[in-house]
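**Student:** PDB, C-alpha atoms and all ligand atoms, file input.pdb:
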```
ATOM      1  CA  MET H   1     -50.966 161.997 141.662
ATOM      2  CA  PRO H   2     -48.610 159.961 143.868
ATOM      3  CA  ARG H   3     -48.404 156.342 142.815
ATOM      4  CA  ARG H   4     -50.146 154.062 145.287
ATOM      5  CA  ARG H   5     -47.513 151.778 146.713
ATOM      6  CA  GLU H   6     -48.102 148.091 146.378
ATOM      7  CA  LEU H   7     -47.849 145.890 149.444
ATOM      8  CA  GLY H   8     -45.901 142.676 149.886
ATOM      9  CA  ARG H   9     -48.120 139.645 149.250
ATOM     10  CA  GLY H  10     -47.667 135.947 149.800
ATOM     11  CA  GLU H  11     -49.438 133.058 148.071
ATOM     12  CA  ARG H  12     -48.996 129.306 148.001
ATOM     13  CA  VAL H  13     -48.134 127.928 144.556
ATOM     14  CA  ILE H  14     -48.099 124.249 145.563
ATOM     15  CA  PRO H  15     -47.755 122.680 149.014
ATOM     16  CA  GLY H  16     -44.277 123.572 150.267
ATOM     17  CA  LEU H  17     -43.661 126.395 147.783
ATOM     18  CA  TRP H  18     -44.747 130.011 148.124
ATOM     19  CA  ARG H  19     -44.531 133.089 145.967
ATOM     20  CA  LEU H  20     -43.621 136.293 147.820
ATOM     21  CA  ARG H  21     -44.558 139.287 145.720
ATOM     22  CA  LEU H  22     -42.548 142.316 146.814
ATOM     23  CA  PRO H  23     -43.056 145.929 145.744
ATOM     24  CA  LEU H  24     -40.435 147.785 143.691
ATOM     25  CA  PRO H  25     -40.063 151.540 143.225
ATOM     26  CA  PHE H  26     -39.561 151.263 139.435
ATOM     27  CA  PRO H  27     -42.133 152.570 136.963
ATOM     28  CA  GLY H  28     -43.161 149.675 134.705
ATOM     29  CA  VAL H  29     -41.690 147.049 137.070
ATOM     30  CA  PRO H  30     -43.985 147.351 140.111
ATOM     31  CA  HIS H  31     -42.919 144.160 141.863
ATOM     32  CA  CYS H  32     -40.524 141.231 141.972
ATOM     33  CA  ASN H  33     -40.834 137.718 143.328
ATOM     34  CA  ALA H  34     -38.969 135.873 146.016
ATOM     35  CA  TRP H  35     -39.752 132.177 146.548
ATOM     36  CA  ALA H  36     -39.946 130.273 149.817
ATOM     37  CA  ILE H  37     -39.436 126.505 149.734
ATOM     38  CA  ALA H  38     -40.115 124.307 152.771
ATOM     39  CA  ALA H  39     -37.006 122.533 154.048
ATOM     40  CA  GLY H  40     -37.454 120.690 157.354
ATOM     41  CA  ASP H  41     -38.251 123.206 160.113
ATOM     42  CA  GLY H  42     -37.093 126.086 157.978
ATOM     43  CA  ILE H  43     -37.372 127.550 154.511
ATOM     44  CA  VAL H  44     -34.992 128.147 151.656
ATOM     45  CA  LEU H  45     -35.533 131.664 150.350
ATOM     46  CA  VAL H  46     -34.747 132.249 146.683
ATOM     47  CA  ASP H  47     -34.095 135.968 146.035
ATOM     48  CA  THR H  48     -34.754 138.734 148.529
ATOM     49  CA  GLY H  49     -36.297 141.823 146.954
ATOM     50  CA  MET H  50     -34.547 145.161 146.895
ATOM     51  CA  HIS H  51     -33.390 147.116 149.931
ATOM     52  CA  GLU H  52     -35.187 150.410 150.562
ATOM     53  CA  PRO H  53     -37.033 152.006 153.485
ATOM     54  CA  GLY H  54     -39.760 149.595 154.609
ATOM     55  CA  SER H  55     -38.654 146.744 152.330
ATOM     56  CA  MET H  56     -38.098 144.253 155.174
ATOM     57  CA  THR H  57     -41.608 144.962 156.454
ATOM     58  CA  GLU H  58     -42.982 144.063 153.011
ATOM     59  CA  LEU H  59     -41.043 140.791 152.952
ATOM     60  CA  GLU H  60     -42.261 139.977 156.465
ATOM     61  CA  ARG H  61     -45.823 140.881 155.491
ATOM     62  CA  ALA H  62     -45.671 138.527 152.495
ATOM     63  CA  LEU H  63     -44.246 135.695 154.629
ATOM     64  CA  ASP H  64     -46.801 136.292 157.363
ATOM     65  CA  GLN H  65     -49.685 135.986 154.882
ATOM     66  CA  VAL H  66     -48.691 132.377 154.216
ATOM     67  CA  GLY H  67     -47.921 131.531 157.839
ATOM     68  CA  LEU H  68     -44.151 131.834 157.560
ATOM     69  CA  SER H  69     -41.640 134.049 159.339
ATOM     70  CA  ILE H  70     -38.279 135.528 158.433
ATOM     71  CA  ASP H  71     -36.708 133.676 161.361
ATOM     72  CA  GLN H  72     -37.381 130.395 159.534
ATOM     73  CA  VAL H  73     -35.064 131.311 156.659
ATOM     74  CA  ALA H  74     -32.292 128.705 156.800
ATOM     75  CA  LEU H  75     -30.597 129.573 153.492
ATOM     76  CA  VAL H  76     -30.773 132.393 150.940
ATOM     77  CA  LEU H  77     -30.131 131.596 147.266
ATOM     78  CA  ILE H  78     -29.764 134.340 144.664
ATOM     79  CA  THR H  79     -30.737 133.843 141.007
ATOM     80  CA  HIS H  80     -28.599 136.841 139.945
ATOM     81  CA  ALA H  81     -26.991 139.966 141.366
ATOM     82  CA  HIS H  82     -29.556 142.580 140.310
ATOM     83  CA  VAL H  83     -30.687 144.712 143.251
ATOM     84  CA  ASP H  84     -34.301 143.525 143.135
ATOM     85  CA  HIS H  85     -33.044 139.949 143.606
ATOM     86  CA  TRP H  86     -30.306 140.265 146.218
ATOM     87  CA  GLY H  87     -30.573 143.785 147.718
ATOM     88  CA  GLN H  88     -31.868 142.549 151.090
ATOM     89  CA  ALA H  89     -29.529 139.558 151.441
ATOM     90  CA  ALA H  90     -27.401 141.224 154.145
ATOM     91  CA  THR H  91     -30.412 142.190 156.259
ATOM     92  CA  ILE H  92     -31.846 138.659 156.141
ATOM     93  CA  CYS H  93     -28.514 136.965 156.846
ATOM     94  CA  ASP H  94     -27.790 139.363 159.745
ATOM     95  CA  ARG H  95     -31.181 138.649 161.217
ATOM     96  CA  THR H  96     -31.181 134.845 160.899
ATOM     97  CA  GLY H  97     -27.476 133.968 160.763
ATOM     98  CA  CYS H  98     -28.110 131.941 157.597
ATOM     99  CA  GLU H  99     -25.810 131.650 154.584
ATOM    100  CA  MET H 100     -26.271 133.264 151.178
ATOM    101  CA  TRP H 101     -25.207 131.446 148.000
ATOM    102  CA  MET H 102     -24.752 133.171 144.667
ATOM    103  CA  HIS H 103     -22.907 132.659 141.382
ATOM    104  CA  PRO H 104     -19.316 133.989 141.565
ATOM    105  CA  ASN H 105     -19.609 136.242 138.465
ATOM    106  CA  HIS H 106     -21.449 138.838 140.514
ATOM    107  CA  GLU H 107     -19.138 141.836 140.019
ATOM    108  CA  HIS H 108     -21.708 143.435 137.658
ATOM    109  CA  GLY H 109     -24.146 143.642 140.569
ATOM    110  CA  TYR H 110     -21.710 144.687 143.271
ATOM    111  CA  ALA H 111     -20.096 147.608 141.439
ATOM    112  CA  SER H 112     -22.946 150.062 142.063
ATOM    113  CA  ALA H 113     -22.489 149.599 145.829
ATOM    114  CA  THR H 114     -18.721 149.052 146.110
ATOM    115  CA  ASP H 115     -17.679 151.780 143.652
ATOM    116  CA  PRO H 116     -20.681 153.945 142.712
ATOM    117  CA  ALA H 117     -18.485 156.510 140.925
ATOM    118  CA  LEU H 118     -16.963 153.876 138.654
ATOM    119  CA  ALA H 119     -20.350 152.233 138.029
ATOM    120  CA  LEU H 120     -21.784 155.606 137.025
ATOM    121  CA  ALA H 121     -18.788 156.354 134.801
ATOM    122  CA  ARG H 122     -19.345 153.049 132.974
ATOM    123  CA  ARG H 123     -23.005 153.904 132.355
ATOM    124  CA  ILE H 124     -22.125 157.379 131.114
ATOM    125  CA  GLU H 125     -19.537 155.825 128.815
ATOM    126  CA  ILE H 126     -22.248 153.653 127.218
ATOM    127  CA  GLY H 127     -24.273 156.796 126.496
ATOM    128  CA  ARG H 128     -21.289 158.703 125.123
ATOM    129  CA  GLN H 129     -20.267 155.770 122.906
ATOM    130  CA  SER H 130     -23.856 155.610 121.585
ATOM    131  CA  GLY H 131     -24.054 159.288 120.674
ATOM    132  CA  VAL H 132     -26.115 160.692 123.570
ATOM    133  CA  PRO H 133     -25.557 164.479 123.874
ATOM    134  CA  GLU H 134     -23.372 165.657 126.790
ATOM    135  CA  ALA H 135     -26.169 167.762 128.352
ATOM    136  CA  VAL H 136     -28.434 164.717 128.547
ATOM    137  CA  LEU H 137     -25.645 162.618 130.055
ATOM    138  CA  GLU H 138     -25.042 165.265 132.696
ATOM    139  CA  ARG H 139     -28.714 165.295 133.680
ATOM    140  CA  TYR H 140     -28.701 161.494 133.870
ATOM    141  CA  ALA H 141     -25.546 161.469 136.032
ATOM    142  CA  GLU H 142     -27.113 164.039 138.357
ATOM    143  CA  ARG H 143     -30.220 161.898 138.765
ATOM    144  CA  LEU H 144     -28.215 158.732 139.449
ATOM    145  CA  ARG H 145     -25.887 160.378 141.984
ATOM    146  CA  GLY H 146     -28.845 161.030 144.263
ATOM    147  CA  MET H 147     -30.211 157.505 143.996
ATOM    148  CA  ALA H 148     -29.767 154.803 146.656
ATOM    149  CA  SER H 149     -28.070 151.588 145.514
ATOM    150  CA  GLY H 150     -30.938 149.293 146.591
ATOM    151  CA  ILE H 151     -28.388 147.109 148.376
ATOM    152  CA  ALA H 152     -28.473 146.892 152.181
ATOM    153  CA  ARG H 153     -24.784 146.032 152.453
ATOM    154  CA  VAL H 154     -22.385 144.185 150.228
ATOM    155  CA  VAL H 155     -21.941 140.611 151.424
ATOM    156  CA  GLU H 156     -19.863 138.004 149.682
ATOM    157  CA  PRO H 157     -21.620 134.709 149.012
ATOM    158  CA  ASP H 158     -20.829 132.017 151.579
ATOM    159  CA  ARG H 159     -20.720 129.487 148.770
ATOM    160  CA  PRO H 160     -20.573 129.789 144.977
ATOM    161  CA  LEU H 161     -23.910 128.742 143.453
ATOM    162  CA  LEU H 162     -22.621 126.583 140.614
ATOM    163  CA  PRO H 163     -23.579 123.390 138.784
ATOM    164  CA  GLY H 164     -22.998 120.460 141.114
ATOM    165  CA  VAL H 165     -24.456 122.258 144.148
ATOM    166  CA  GLU H 166     -27.635 120.534 145.279
ATOM    167  CA  ILE H 167     -30.269 122.141 147.468
ATOM    168  CA  GLU H 168     -32.330 119.766 149.553
ATOM    169  CA  THR H 169     -35.899 120.761 150.304
ATOM    170  CA  ASP H 170     -39.187 119.063 151.191
ATOM    171  CA  LEU H 171     -40.010 119.126 147.455
ATOM    172  CA  GLY H 172     -36.840 117.196 146.641
ATOM    173  CA  VAL H 173     -33.407 118.241 145.427
ATOM    174  CA  TRP H 174     -32.923 121.359 143.281
ATOM    175  CA  THR H 175     -30.009 121.545 140.866
ATOM    176  CA  VAL H 176     -28.176 124.656 139.650
ATOM    177  CA  HIS H 177     -27.932 125.651 135.965
ATOM    178  CA  GLU H 178     -25.799 128.547 134.743
ATOM    179  CA  THR H 179     -27.862 130.823 132.514
ATOM    180  CA  PRO H 180     -25.850 134.003 131.814
ATOM    181  CA  GLY H 181     -27.108 136.602 129.340
ATOM    182  CA  HIS H 182     -29.616 138.704 131.266
ATOM    183  CA  ALA H 183     -26.804 138.996 133.833
ATOM    184  CA  PRO H 184     -23.395 137.281 134.066
ATOM    185  CA  SER H 185     -24.281 135.813 137.484
ATOM    186  CA  HIS H 186     -27.615 134.334 136.417
ATOM    187  CA  VAL H 187     -28.561 130.788 137.429
ATOM    188  CA  CYS H 188     -31.815 128.851 137.216
ATOM    189  CA  LEU H 189     -32.808 126.229 139.783
ATOM    190  CA  PHE H 190     -34.526 123.016 138.728
ATOM    191  CA  GLN H 191     -36.442 120.341 140.596
ATOM    192  CA  ALA H 192     -36.359 117.370 138.224
ATOM    193  CA  GLU H 193     -39.097 115.057 139.606
ATOM    194  CA  ARG H 194     -41.661 117.858 139.673
ATOM    195  CA  ARG H 195     -40.159 119.636 136.637
ATOM    196  CA  LEU H 196     -40.197 122.968 138.452
ATOM    197  CA  LEU H 197     -37.940 125.749 137.220
ATOM    198  CA  ILE H 198     -37.044 128.848 139.197
ATOM    199  CA  SER H 199     -36.170 130.939 136.177
ATOM    200  CA  GLY H 200     -35.214 134.313 137.710
ATOM    201  CA  ASP H 201     -35.198 136.964 134.977
ATOM    202  CA  HIS H 202     -33.833 134.573 132.347
ATOM    203  CA  LEU H 203     -37.361 133.545 131.411
ATOM    204  CA  LEU H 204     -40.279 135.804 132.278
ATOM    205  CA  GLY H 205     -43.983 135.203 131.705
ATOM    206  CA  ARG H 206     -44.265 138.445 129.763
ATOM    207  CA  ILE H 207     -41.256 138.328 127.456
ATOM    208  CA  SER H 208     -38.964 141.238 128.164
ATOM    209  CA  LEU H 209     -35.294 141.394 127.229
ATOM    210  CA  TYR H 210     -32.561 143.007 129.264
ATOM    211  CA  PHE H 211     -28.826 142.381 129.047
ATOM    212  CA  ASP H 212     -25.970 143.615 131.199
ATOM    213  CA  TYR H 213     -23.506 145.230 128.806
ATOM    214  CA  GLY H 214     -19.754 145.402 129.288
ATOM    215  CA  TRP H 215     -19.042 142.511 131.661
ATOM    216  CA  THR H 216     -18.698 139.605 129.253
ATOM    217  CA  PRO H 217     -17.779 139.436 125.548
ATOM    218  CA  ASP H 218     -21.190 138.417 124.165
ATOM    219  CA  PRO H 219     -24.310 138.580 126.387
ATOM    220  CA  ILE H 220     -26.615 137.773 123.433
ATOM    221  CA  GLY H 221     -24.665 134.639 122.525
ATOM    222  CA  GLU H 222     -24.691 133.638 126.193
ATOM    223  CA  PHE H 223     -28.420 134.280 126.457
ATOM    224  CA  LEU H 224     -29.205 132.151 123.382
ATOM    225  CA  HIS H 225     -27.119 129.337 124.791
ATOM    226  CA  SER H 226     -28.838 129.680 128.177
ATOM    227  CA  LEU H 227     -32.237 129.393 126.467
ATOM    228  CA  GLN H 228     -31.102 126.025 125.123
ATOM    229  CA  VAL H 229     -29.930 124.974 128.591
ATOM    230  CA  VAL H 230     -33.376 125.693 130.022
ATOM    231  CA  ASP H 231     -35.219 124.177 127.060
ATOM    232  CA  ASP H 232     -33.327 120.913 127.572
ATOM    233  CA  LEU H 233     -34.551 120.710 131.182
ATOM    234  CA  ASP H 234     -38.128 120.315 129.899
ATOM    235  CA  ALA H 235     -39.724 122.135 132.838
ATOM    236  CA  ARG H 236     -43.491 122.043 133.368
ATOM    237  CA  LEU H 237     -43.866 125.180 135.473
ATOM    238  CA  ALA H 238     -41.654 128.261 135.588
ATOM    239  CA  LEU H 239     -41.415 130.491 138.650
ATOM    240  CA  SER H 240     -39.947 133.724 137.369
ATOM    241  CA  GLY H 241     -38.423 136.789 138.990
ATOM    242  CA  HIS H 242     -41.385 138.976 138.053
ATOM    243  CA  GLY H 243     -45.010 138.144 137.311
ATOM    244  CA  LYS H 244     -47.069 135.008 137.801
ATOM    245  CA  PRO H 245     -45.805 131.435 137.458
ATOM    246  CA  PHE H 246     -46.353 130.118 133.932
ATOM    247  CA  ILE H 247     -46.547 126.870 131.995
ATOM    248  CA  ASP H 248     -45.493 126.321 128.357
ATOM    249  CA  VAL H 249     -41.865 126.906 129.221
ATOM    250  CA  HIS H 250     -40.769 125.748 125.759
ATOM    251  CA  GLY H 251     -43.134 128.284 124.139
ATOM    252  CA  HIS H 252     -41.533 131.039 126.195
ATOM    253  CA  VAL H 253     -38.051 129.880 125.187
ATOM    254  CA  GLU H 254     -39.149 130.024 121.543
ATOM    255  CA  GLY H 255     -40.703 133.465 122.057
ATOM    256  CA  ASN H 256     -37.417 134.785 123.452
ATOM    257  CA  ARG H 257     -35.428 133.294 120.574
ATOM    258  CA  ARG H 258     -37.806 134.896 118.094
ATOM    259  CA  LEU H 259     -37.649 138.310 119.713
ATOM    260  CA  VAL H 260     -33.831 138.273 119.827
ATOM    261  CA  ARG H 261     -33.757 137.259 116.140
ATOM    262  CA  GLU H 262     -36.206 140.048 115.216
ATOM    263  CA  ARG H 263     -34.142 142.624 117.060
ATOM    264  CA  LEU H 264     -30.871 141.439 115.529
ATOM    265  CA  ASP H 265     -32.540 141.713 112.106
ATOM    266  CA  ALA H 266     -33.791 145.230 112.898
ATOM    267  CA  VAL H 267     -30.221 146.230 113.820
ATOM    268  CA  LEU H 268     -28.886 144.746 110.569
ATOM    269  CA  ASP H 269     -31.572 146.531 108.510
ATOM    270  CA  ALA H 270     -30.638 149.837 110.116
ATOM    271  CA  VAL H 271     -26.864 149.567 109.638
ATOM    272  CA  ARG H 272     -27.229 148.363 106.035
ATOM    273  CA  GLU H 273     -28.693 151.765 105.178
ATOM    274  CA  GLY H 274     -25.448 153.422 106.257
ATOM    275  CA  PRO H 275     -23.290 153.835 109.373
ATOM    276  CA  LYS H 276     -25.254 154.697 112.496
ATOM    277  CA  THR H 277     -24.731 155.300 116.207
ATOM    278  CA  GLY H 278     -26.337 153.181 118.900
ATOM    279  CA  LEU H 279     -28.715 156.050 119.605
ATOM    280  CA  GLU H 280     -29.823 156.077 115.951
ATOM    281  CA  ILE H 281     -30.248 152.299 115.792
ATOM    282  CA  THR H 282     -32.228 151.875 119.035
ATOM    283  CA  PRO H 283     -35.599 153.327 117.879
ATOM    284  CA  ARG H 284     -35.449 150.935 114.916
ATOM    285  CA  ILE H 285     -35.410 147.984 117.323
ATOM    286  CA  HIS H 286     -38.347 149.126 119.430
ATOM    287  CA  GLY H 287     -40.341 151.154 116.907
ATOM    288  CA  GLU H 288     -40.395 153.943 119.478
ATOM    289  CA  PRO H 289     -38.199 156.950 120.187
ATOM    290  CA  VAL H 290     -35.456 156.757 122.796
ATOM    291  CA  THR H 291     -36.325 158.791 125.888
ATOM    292  CA  GLU H 292     -34.394 159.678 129.017
ATOM    293  CA  THR H 293     -36.442 157.010 130.803
ATOM    294  CA  ASN H 294     -35.945 154.068 128.451
ATOM    295  CA  ALA H 295     -32.370 154.907 127.339
ATOM    296  CA  SER H 296     -30.604 153.306 130.295
ATOM    297  CA  TRP H 297     -32.349 150.008 129.483
ATOM    298  CA  TRP H 298     -32.413 150.168 125.685
ATOM    299  CA  LEU H 299     -28.961 151.506 124.802
ATOM    300  CA  PRO H 300     -27.035 148.731 126.568
ATOM    301  CA  GLU H 301     -29.361 146.244 124.857
ATOM    302  CA  THR H 302     -28.557 147.745 121.440
ATOM    303  CA  LEU H 303     -24.820 147.612 122.153
ATOM    304  CA  CYS H 304     -25.177 143.930 123.077
ATOM    305  CA  TYR H 305     -26.796 143.184 119.685
ATOM    306  CA  LEU H 306     -24.068 145.146 117.890
ATOM    307  CA  GLN H 307     -21.357 143.356 119.828
ATOM    308  CA  HIS H 308     -22.901 139.986 118.937
ATOM    309  CA  LEU H 309     -23.177 140.895 115.244
ATOM    310  CA  GLU H 310     -19.616 142.225 115.275
ATOM    311  CA  LEU H 311     -18.382 138.879 116.628
ATOM    312  CA  GLU H 312     -20.312 137.163 113.833
ATOM    313  CA  GLY H 313     -18.613 139.493 111.309
ATOM    314  CA  GLN H 314     -21.926 141.028 110.209
ATOM    315  CA  VAL H 315     -21.307 144.603 111.391
ATOM    316  CA  SER H 316     -18.189 146.656 111.948
ATOM    317  CA  ARG H 317     -17.423 149.542 114.242
ATOM    318  CA  GLU H 318     -15.741 152.790 113.415
ATOM    319  CA  SER H 319     -14.630 154.808 116.423
ATOM    320  CA  GLU H 320     -14.284 158.560 116.322
ATOM    321  CA  GLY H 321     -13.070 159.756 119.702
ATOM    322  CA  ASP H 322     -15.521 158.261 122.211
ATOM    323  CA  LEU H 323     -18.264 157.772 119.623
ATOM    324  CA  ASP H 324     -18.848 154.484 117.800
ATOM    325  CA  ARG H 325     -20.578 154.246 114.421
ATOM    326  CA  TRP H 326     -21.732 150.901 113.138
ATOM    327  CA  GLY H 327     -21.891 149.783 109.527
ATOM    328  CA  VAL H 328     -21.466 146.711 107.343
ATOM    329  CA  PRO H 329     -17.915 145.349 106.899
ATOM    330  CA  SER H 330     -16.356 146.618 103.653
ATOM    331  CA  ASN H 331     -15.087 143.274 102.266
TER
HETATM  332 ZN    ZN S 401     -32.512 141.000 136.555
HETATM  333 ZN    ZN S 402     -35.524 141.387 138.154
END
```
Please re-express this file's structure in structure tokens.
Ligand SMILES: [Zn+2]
Ligand SMILES: [Zn+2]
**Tutor:**
Amino acid sequence: MPRRRELGRGERVIPGLWRLRLPLPFPGVPHCNAWAIAAGDGIVLVDTGMHEPGSMTELERALDQVGLSIDQVALVLITHAHVDHWGQAATICDRTGCEMWMHPNHEHGYASATDPALALARRIEIGRQSGVPEAVLERYAERLRGMASGIARVVEPDRPLLPGVEIETDLGVWTVHETPGHAPSHVCLFQAERRLLISGDHLLGRISLYFDYGWTPDPIGEFLHSLQVVDDLDARLALSGHGKPFIDVHGHVEGNRRLVRERLDAVLDAVREGPKTGLEITPRIHGEPVTETNASWWLPETLCYLQHLELEGQVSRESEGDLDRWGVPSN
């Protein structure tokens, strides 16, 4: 049965702040959020949704439901360079003439559009390193070659979204906080007087971990540090990249810390039994078999844990051709 497509929906969270729920074509991730914040005659739009046929209509539909229009967008801010968060930036900026600001470490998100062949090769390499059979990798490559990038057009940010940048809105000033881990370009935005946090995918209402592998030395270490950064802000309400706004921000920080710890422990338990490949370790983390659907999410995650534990001296890698096996250090 064809999946019924969700429609873009808008709702007011508090006066001057709206959630725009935009459909996504991914199984298991049916929508993402963009946020509109009143700023004088216009709005600041945080994140854009992904670019695909009809995606602008969904954004316009969501805006229209709360009495706003795309022509009011005066500035686009991007929490991180994943396609569901910045894919439509070019279309919006072309239409309104507004600027787009994003963290400068966005190469991880641009590669799939600027050099799709290289981006694919990097993904295949992760599979090969983890012990995925060649035939499976070939099928995966075939599937990815036919897929659209989700990015309307690559546009460079007009301004780097870094600590020190302040965004003035009717709700007050928002500050920028670097929170890499989920993605190297990730930032959270914070409104101190109201203790509002736009948390992107760093902190989600339903805890779900994803890490970009291969762009920085230690995404897990970065993520744990970023959790502390957000915890210290003491936010009252989090507006996340997917799902409903949520309170108990500290509880969610703790939940993420716990889950990372559990998964690191599961990796350690597995390698202590004897050297293993990433593909062999991954089901031990999730308690479920690796499939062709979950592999592209789970294998990079496993490699991030291994990389973190290797930096801590708790696991060691033995390479045999392209394949890595992980065990405990001999001394
Ligand atoms: Zn993301
Ligand atoms: Zn996302």
**Student:** For a quick check of your reading of the model, name the residues lying within 9 Å of the coordinate (-34.4, 145.8, 144.9), counting only C-alpha atoms, and write them as a ChimeraX atom specification.
**Tutor:** /H:23-25,32,48-52,55,82-88,149-151
**Student:** For the residues in the current selection, export C-alpha atoms as an mmCIF file, in the coordinates of the input.
**Tutor:**
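In the end it all went to part_38.cif:
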```cif
data_model
loop_
_atom_site.group_PDB
_atom_site.id
_atom_site.type_symbol
_atom_site.label_atom_id
_atom_site.label_comp_id
_atom_site.auth_asym_id
_atom_site.auth_seq_id
_atom_site.Cartn_x
_atom_site.Cartn_y
_atom_site.Cartn_z
ATOM 1 C CA PRO H 23 -43.056 145.929 145.744
ATOM 2 C CA LEU H 24 -40.435 147.785 143.691
ATOM 3 C CA PRO H 25 -40.063 151.540 143.225
ATOM 4 C CA CYS H 32 -40.524 141.231 141.972
ATOM 5 C CA THR H 48 -34.754 138.734 148.529
ATOM 6 C CA GLY H 49 -36.297 141.823 146.954
ATOM 7 C CA MET H 50 -34.547 145.161 146.895
ATOM 8 C CA HIS H 51 -33.390 147.116 149.931
ATOM 9 C CA GLU H 52 -35.187 150.410 150.562
ATOM 10 C CA SER H 55 -38.654 146.744 152.330
ATOM 11 C CA HIS H 82 -29.556 142.580 140.310
ATOM 12 C CA VAL H 83 -30.687 144.712 143.251
ATOM 13 C CA ASP H 84 -34.301 143.525 143.135
ATOM 14 C CA HIS H 85 -33.044 139.949 143.606
ATOM 15 C CA TRP H 86 -30.306 140.265 146.218
ATOM 16 C CA GLY H 87 -30.573 143.785 147.718
ATOM 17 C CA GLN H 88 -31.868 142.549 151.090
ATOM 18 C CA SER H 149 -28.070 151.588 145.514
ATOM 19 C CA GLY H 150 -30.938 149.293 146.591
ATOM 20 C CA ILE H 151 -28.388 147.109 148.376
#
```
**Student:** Could you state the separation of atom CA of Leu303 of chain H and atom CA of Glu262 of chain H in Å, given to one decimal place?
**Tutor:**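 Atom CA of Leu303 of chain H sits 15.3 Å away from atom CA of Glu262 of chain H.
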**Student:** What gap, in Å, lies between atom CA of Tyr305 of chain H and atom CA of Thr114 of chain H?
**Tutor:** 28.2 Å
**Student:** Using 7 Å as the limit and counting only C-alpha atoms and all ligand atoms, can you tabulate each residue of chain H that touches ligand ZN 401 (chain S), with its shortest atom-to-atom distance in Å and the two atoms involved, as a Markdown table?
**Tutor:**
```
| residue | atom | partner | partner_atom | distance |
| --- | --- | --- | --- | --- |
| H:His80 | CA | S:ZN401 | ZN | 6.6 |
| H:His82 | CA | S:ZN401 | ZN | 5.0 |
| H:His182 | CA | S:ZN401 | ZN | 6.5 |
| H:Ala183 | CA | S:ZN401 | ZN | 6.6 |
| H:Asp201 | CA | S:ZN401 | ZN | 5.1 |
```
**Student:** Restricting the calculation to all atoms listed in the file: of H:Pro104, H:Val132, H:Val44, H:Ala113, which residue gets closest to Pro163 of chain H?
**Tutor:** H:Pro104
**Student:** Which is closest to His106 of chain H among H:Asp265, H:Glu318, H:Asp212, H:Glu11, if we use only C-alpha atoms?
**Tutor:**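 Between H:Asp265, H:Glu318, H:Asp212, H:Glu11, the residue approaching His106 of chain H most closely is H:Asp212.
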**Student:** Can you work out which one of H:Val155, H:Leu233, H:Ala89, H:Ala192 has the shortest atom-to-atom distance to Glu107 of chain H, counting all atoms listed in the file?
**Tutor:**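 The shortest atom-to-atom distance to Glu107 of chain H comes from H:Val155.
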**Student:** Counting only C-alpha atoms, which residue out of H:Gly42, H:Gly16, H:Pro184, H:Gly172 sits closest to Gly109 of chain H?
**Tutor:** H:Pro184
**Student:** Carefully work through the PyMOL selection byres (((chain H and resi 283) around 12) and not hetatm) for this structure and note down the residues it includes, as a list in words.
**Tutor:**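 Checked against the file, the PyMOL selection byres (((chain H and resi 283) around 12) and not hetatm) matches Arg263, Ala266, Val267, Ala270, Lys276, Thr277, Gly278, Leu279, Glu280, Ile281, Thr282, Arg284, Ile285, His286, Gly287, Glu288, Pro289, Val290, Thr291, Asn294, Ala295, Trp298, Leu299, Glu301 and Thr302 of chain H.
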**Student:** Keeping C-alpha atoms, export the residues of the selection given above as a JSON list (two decimals), keeping the file's coordinate frame.
**Tutor:**
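Generated file (out_33.json):
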```json
[["chain", "number", "residue", "atom", "x", "y", "z"],
["H", 263, "ARG", "CA", -34.14, 142.62, 117.06],
["H", 266, "ALA", "CA", -33.79, 145.23, 112.90],
["H", 267, "VAL", "CA", -30.22, 146.23, 113.82],
["H", 270, "ALA", "CA", -30.64, 149.84, 110.12],
["H", 276, "LYS", "CA", -25.25, 154.70, 112.50],
["H", 277, "THR", "CA", -24.73, 155.30, 116.21],
["H", 278, "GLY", "CA", -26.34, 153.18, 118.90],
["H", 279, "LEU", "CA", -28.72, 156.05, 119.60],
["H", 280, "GLU", "CA", -29.82, 156.08, 115.95],
["H", 281, "ILE", "CA", -30.25, 152.30, 115.79],
["H", 282, "THR", "CA", -32.23, 151.88, 119.04],
["H", 284, "ARG", "CA", -35.45, 150.94, 114.92],
["H", 285, "ILE", "CA", -35.41, 147.98, 117.32],
["H", 286, "HIS", "CA", -38.35, 149.13, 119.43],
["H", 287, "GLY", "CA", -40.34, 151.15, 116.91],
["H", 288, "GLU", "CA", -40.40, 153.94, 119.48],
["H", 289, "PRO", "CA", -38.20, 156.95, 120.19],
["H", 290, "VAL", "CA", -35.46, 156.76, 122.80],
["H", 291, "THR", "CA", -36.33, 158.79, 125.89],
["H", 294, "ASN", "CA", -35.94, 154.07, 128.45],
["H", 295, "ALA", "CA", -32.37, 154.91, 127.34],
["H", 298, "TRP", "CA", -32.41, 150.17, 125.68],
["H", 299, "LEU", "CA", -28.96, 151.51, 124.80],
["H", 301, "GLU", "CA", -29.36, 146.24, 124.86],
["H", 302, "THR", "CA", -28.56, 147.74, 121.44]]
```
**Student:** Would you mind listing what lies within 8 Å of segment 174-180 of chain H as a list of chain:residue names, with only C-alpha atoms counted and same-chain residues fewer than 3 positions away left out?
**Tutor:**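 Selected residues are H:Leu161, H:Leu162, H:Pro163, H:Gly164, H:Val165, H:Glu166, H:Ile167, H:Glu168, H:Thr169, H:Ala183, H:Pro184, H:Ser185, H:His186, H:Val187, H:Cys188, H:Leu189, H:Phe190, H:Gln191, H:Ala192, H:His202, H:Pro219, H:Glu222, H:Phe223, H:His225, H:Ser226, H:Leu227, H:Val229, H:Val230.
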**Student:** Atom CA of His242 of chain H and atom ZN of ligand ZN 402 (chain S) are how many Å apart?
**Tutor:**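 According to the coordinates, atom CA of His242 of chain H and atom ZN of ligand ZN 402 (chain S) are separated by 6.3 Å.
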